[in-house]
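Inspection log for the structure reproduced underneath, given as structure tokens.
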Amino acid sequence: MPRAWSHFVIASVLSCFLPCSVGEAQSKPARRVLILNEVGTAYPGINLMDQGIRSALHTSSYKLEIYREYMDTLLFPDPADQQRFRDFYIRKYQNRKPDVIITVGPSPLKFMLETHHSAFPGVPIAFCLPTWGPGTPVLDSDFSGVENAFAPFETIQAALRLQPSTKHIVVVGGTGAHDKLLEELVRDRLRTLERNFDLSYLTNLTMPDLVERLERLPNDSIVLFTGMGQDAAGTKFISGEEAIEKVVAAANVPVFGMNDVTLGHGEVGGKVSYIREQGRIAGDIALRMLKGEKPQDIPRARDTTAYMFDARALKRWGLKEKDLPPGSIILNRQPDFWELYWHYVLIGFSVLLVQTIAIGGLLRQRSRRRHAENEAAVAYDRLRVAVEAGRFVGWDVDYRMGTNIWFGDLQGMFGIQAEKVSLPIGEFLRDVHPEDVDHVRKAIEDAREGRSPYFAEFRIIPCDGRSPRWVNARGKFYYATNGDALRMLGMAADVTERHQAEDLVRESEERFRLVANSAPVMIWMSATDKLCTYVNKSWLDFTGRPLEAQLGNGWAESVHPQDLQACMDTYTQAFDRRESYKMEYRAKRNDGEYRWILDVGVPRFSKDGSFAGYIGSCLDITDRRLAEEALGSVSHKLIEAQEKERTRIARELHDDINQRIALATIELDQLKQSIPGLDNELRARISALGVRLQETSIEVQAISHRLHSSKLELLGIVAASRSFCRELAGLHKVKIDFAADDIQGPVPQDVSLCAFRILQESLQNAIKYSGAKRFEVQLRATSGGIELTVHDDGAGFDVDEAMRNHGLGLISMRERANLVKGTLVITSKPMGGTVVGLRIPIAVNRRREAISGAA
Amino acid sequence: MDSPRVLLIDDIPEILEKIAYLLRDDCDIVGYAKNGEEAIKAAVALSPDLLVLDIEMPIRNGIQAASHLKELGCKAKVIFLTAHEDADYVEAAWSVEALGYVLKSRAATDLLPAIRETLQGRRFISSFQLV
């Protein structure tokens with residue numbers, strides 16, 4: 001004890017002389033802070049707490065005088081000693097009152113609770129590490145501070161996560177005052193685990209007993225170390241670490257703890273309290289108090305805790321980091337090889353990579369160079385083969401060396417028997433035809449100066465005595481950076497045969513033009529784009545216009561405006577279908593007169609069968625047309641005259657002869673009635689005479705009807721046609737199906753007569769020649785006209801042939817149709833039946849009838 | 001019964017003369033016409049009971065004249081007296097509402113019976129020897 005006292009005295013004396021000055025500024029107002037500690041600084045917890053308090057006070061705007069005092073309850077637990085310490089401190093600070101007191105641990109706090117009213121009236125007190133036992137004392141308005149946040153339950157939960165097989169929980173603690181407080185707190189918190197685990201407390205053993213016990217714990221156990229200041233034998237563990245190190249060394253199972261003081265000495269960890277942080281919070285509260293805040297206005301804080309573990313201990317017990325609670329802090333983790341040397345590894349790898357890339361690049365370059373060399377060799381071979389096969393000659397002029405190398409078919413072009421020759425530059429001009437030398441020289445100069453490709457076509461005089469060869473040469477210059485020509489490469493082809501062919505074509509064309517220009521017809525040609533490319537001299541003479549004015553579409557300017565559209569349509573449509581065509585139009589002659597032209601065009605094809613355009617000839621057919629028109633007009637007149645004469649005779653027969661016969665018959669009847677007593681024989685003779693007269697009348701009427709159908713006038717085209725078909729069918733014992741529309745409105749006489757006559761003609765022809773027994777006749781009203789169709793399924797005939805040979809009937813039918821602007825179409829083929837179709841417009845004939853009627 | 005008032009129409013004067021003679025005792029001949037056009041005018045002016053009408057005439061034929069008179073609302077009965085021994089003409093005659101069709105060669109025997117029948121509103125047609 002005297003030894004203890006001497007320590008105490010020295011410590012107290014020193015503490016008086018060593019007030020720590022925090023803050024250097026002399027001008028700051030001074031404040032006194034008294035820190036009352038539970039135990040001495042040998043305890044690492046006290047040091048940590050002090051560091052925390054100082055870190056907070058350091059920020060103060062005051063010049064602080066900090067005084068530290070120690071109750072040393074562990075070393076001097078005797079209440080008498082403690083009372084003496086209290087009395088001493090009260091006296092010590094009687095005339096040097098602190099502005100704030102910070103208590104660290106339960107004993108200093110208890111000291112202040114009991115004495116501050118009398119000894120330190122009005123001085124605010126900030127507490128930390130209070131470690132309340134059961135039954136928290138009531139604090140008055142001078143106190144505020146930090147509550148402990150011991151978390152034994154959470155620590156055990158974390159331990160169970162790491163070692164789920166745990167069945168036994170062993171709590172290890174000491175017999176010191178603070179140890180007992182903690183044990184009580186832990187017992188209180190772990191009460192709920194007693195049901196599921198074997199929970200035991202090794203808190204009242206001597207250290208050797210404890211060690212022995214700890215060495216023999218079952219495998220499925222864990223230890224919770226609460227803190228140990230003194231064992232059952234009264235042995236004190238002043239330095240704090242001493243006890244934990246013995247416990248950890250002895251225990252054959254992992255040891256968990258509740259604060260960061262013991263962590264790092266072999267303990268696994270747990271949900272631990274930050275002692276230093278607690279000190280900092282207490283320091284903060286003290287500062288607020290210094291600034292004048294009332295303690296009752298400063299809410300009590302709570303210590304902060306965190307899941308914190310020691311990697312070395314985890315490793316020792318084979319516990320997995322992945323089983324730790326989320327957000328756990330791991331201390332003392334040994335960095336692995338990668339963490340220690342990652343930058344060296346990275347640098348090494350980078351160097352290796354760069355070297356590999358460089359080597360790869362070099363290899364690739366070598367491979368490409370070899371590939372390029374191979375390609376160049378192949379390209380050269382290809383060129384050589386092409387040059388030889390194509391009978392070309394190549395050259396390579398090197399201006400620096402002054403050489404000109406020629407290779408290829410030198411024999412064919414120059415008559416030189418070699419595959420390759422080297423000549424001085426310019427030497428080759430000696431072989432060029434004298435007439436072409438200047439032209440070649442200029443082409444080379446132009447290409448070199450203008451940096452353009454060289455092209456020339458000229459003649460070479462072979463040295464083997466053959467006639468000159470035509471050569472087509474192409475080349476290219478290569479230049480140095482200063483602009484001088486370095487090389488010229490080129491290729492020449494023998495084009496003599498092409499020239500000869502061109503000459504032949506030229507000759508052939510000249511012959512054609514000669515023939516064409518001397519021909520009496522007009523000849524023209526067009527290309528594949530329909531545009532005219534040539535007209536002969538006859539054409540130019542006819543139009544009186546120059547060649548340029550005729551080419552393209554210029555020829556169309558001579559065509560009569562009324563005929564132009566139809567003309568172009570015919571040409572374009574035939575052209576698009578590649579078909580021959582024949583058309584007639586009017587074209588203006590050089591004297592301004594429009595002449596009728598017959599234009600016949602046929603497609604032209606090249607030797608290879610490709611379409612090349614059109615060629616055609618034109619003939620002035622004006623005179624022929626005039627003759628035809630005159631002839632047409634004559635036949636019209638003939639038909640008209642014939643019709644007129646027939647009508648006249650028919651009328652004569654009907655109006656005169658027939659009427660006379662009728663009168664005679666009436667007379668006979670009257671005679672028979674007027675003679676009374678006439679004998680029977682005479683009466684019979686008169687009757688017979690009457691019958692004969694009547695028969696004569698009918699025959700006369702039939703003749704008249706055939707010459708001119710009065711029925712047509714009297715009953716109209718439909719009735720007349722139907723009647724005619726019926727009569728003819730009866731006469732020839734054939735079947736004629738007649739069908740007709742109800743034709744509305746009057747049909748002009750000319751129209752109905754034409755239709756009737758063509759019906760007569762076609763039916764009579766068909767009966768006579770076709771051998772058919774069945775016929776169909778249709779008479780229809782169309783929009784603007786009438787349409788007659790006569791169809792038979794008989795032998796048929798060749799229409800063109802019939803027209804040429806014995807077609808008077810057909811010709812007269814066509815003429816009759818023309819007379820009324822009608823269209824007659826006869827379709828027939830041998831053994832395929834015949835269809836005669838006639839269409840006649842009515843309006844135009846009605847106008848004509850009105851005009852002729854008026855006239 | 002009074003004699004029927006008859007209008008005779010034919011372009012041949014001899015025929016007109018002969019018919020008038022045949023009808024002299026039984027009919028009142030109210031007028032003559034020598035074509036269709038005149039027939040229309042005379043019929044409108046004279047309002048006869050009966051028209052004895054040739055078919056084939058100049059300017060306007062008998063069928064056309066009868067058709068037009070019907071359109072004008074003429075009530076006179078119509079007998080066609082014609083040389084046409086042809087069914088088509090008979091059909092055309094009926095189509096313009098004529099009641100009698102008498103062949104000229106049979107006029108001496110058929111015309112008076114035809115007049116009597118048509119005035120009764122019945123049709124009469126000469127028997128055809130040949131059709």
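Residues are named by chain letter and number: chains run A, B, ... in the order of the structure tokens, numbers start at 1 in each chain, and ligands are numbered from 1 in the order shown.
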Compute the set of chain A residues within 12 Å of chain B, using only C-alpha atoms, and express it as a VMD selection string. chain A and resid 651 653 to 674 687 690 to 702 704 to 705 709 to 716 718 to 724 726 to 727 730
As a ChimeraX atom specification, please: all residues of chain B that backbone DSSP puts in helix (DSSP H, G or I). /B:13-23,36-46,62-72,87-95,104-119
Pick out the residues sitting within 8 Å of Pro325 (chain A), and hand them over as a list in words; count only C-alpha atoms, and ignore anything fewer than 6 positions along from it in its own chain.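 In the requested format, the answer is Ala158, Arg161 and Tyr307 of chain A.
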Which of A:Thr226, A:Gln778, A:Ser558, A:Thr166 sits closest to Arg187 (chain A) [using only C-alpha atoms]: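 Selected residue with least distance to Arg187 (chain A): A:Thr226.
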Which residues are close to Cys754 (chain A), i.e. within 8 Å by only C-alpha atoms, leaving aside same-chain residues fewer than 3 positions away? Reply as a PyMOL selection string. chain A and resi 750-751+757-758+816-817+820
Excluding same-chain residues fewer than 6 positions from Ala43 (chain B), what lies within 9 Å of it counting only C-alpha atoms, as a list in words? Leu7, Gly31, Leu51, Leu69, Cys74 and Ala76 of chain B
Would you list, as a PyMOL selection string, the residues of region 26-100 of chain B that end up in strand (DSSP E) under DSSP run on this structure's backbone? chain B and resi 28-33+50-53+77-82+100
Taking 2 positions as the minimum chain separation for residues in the same chain, which residues sit within 12 Å of Thr118 (chain B) when counting only C-alpha atoms? Answer as number ranges by chain. B: 4, 49-52, 76-80, 97-102, 111-116, 120-125
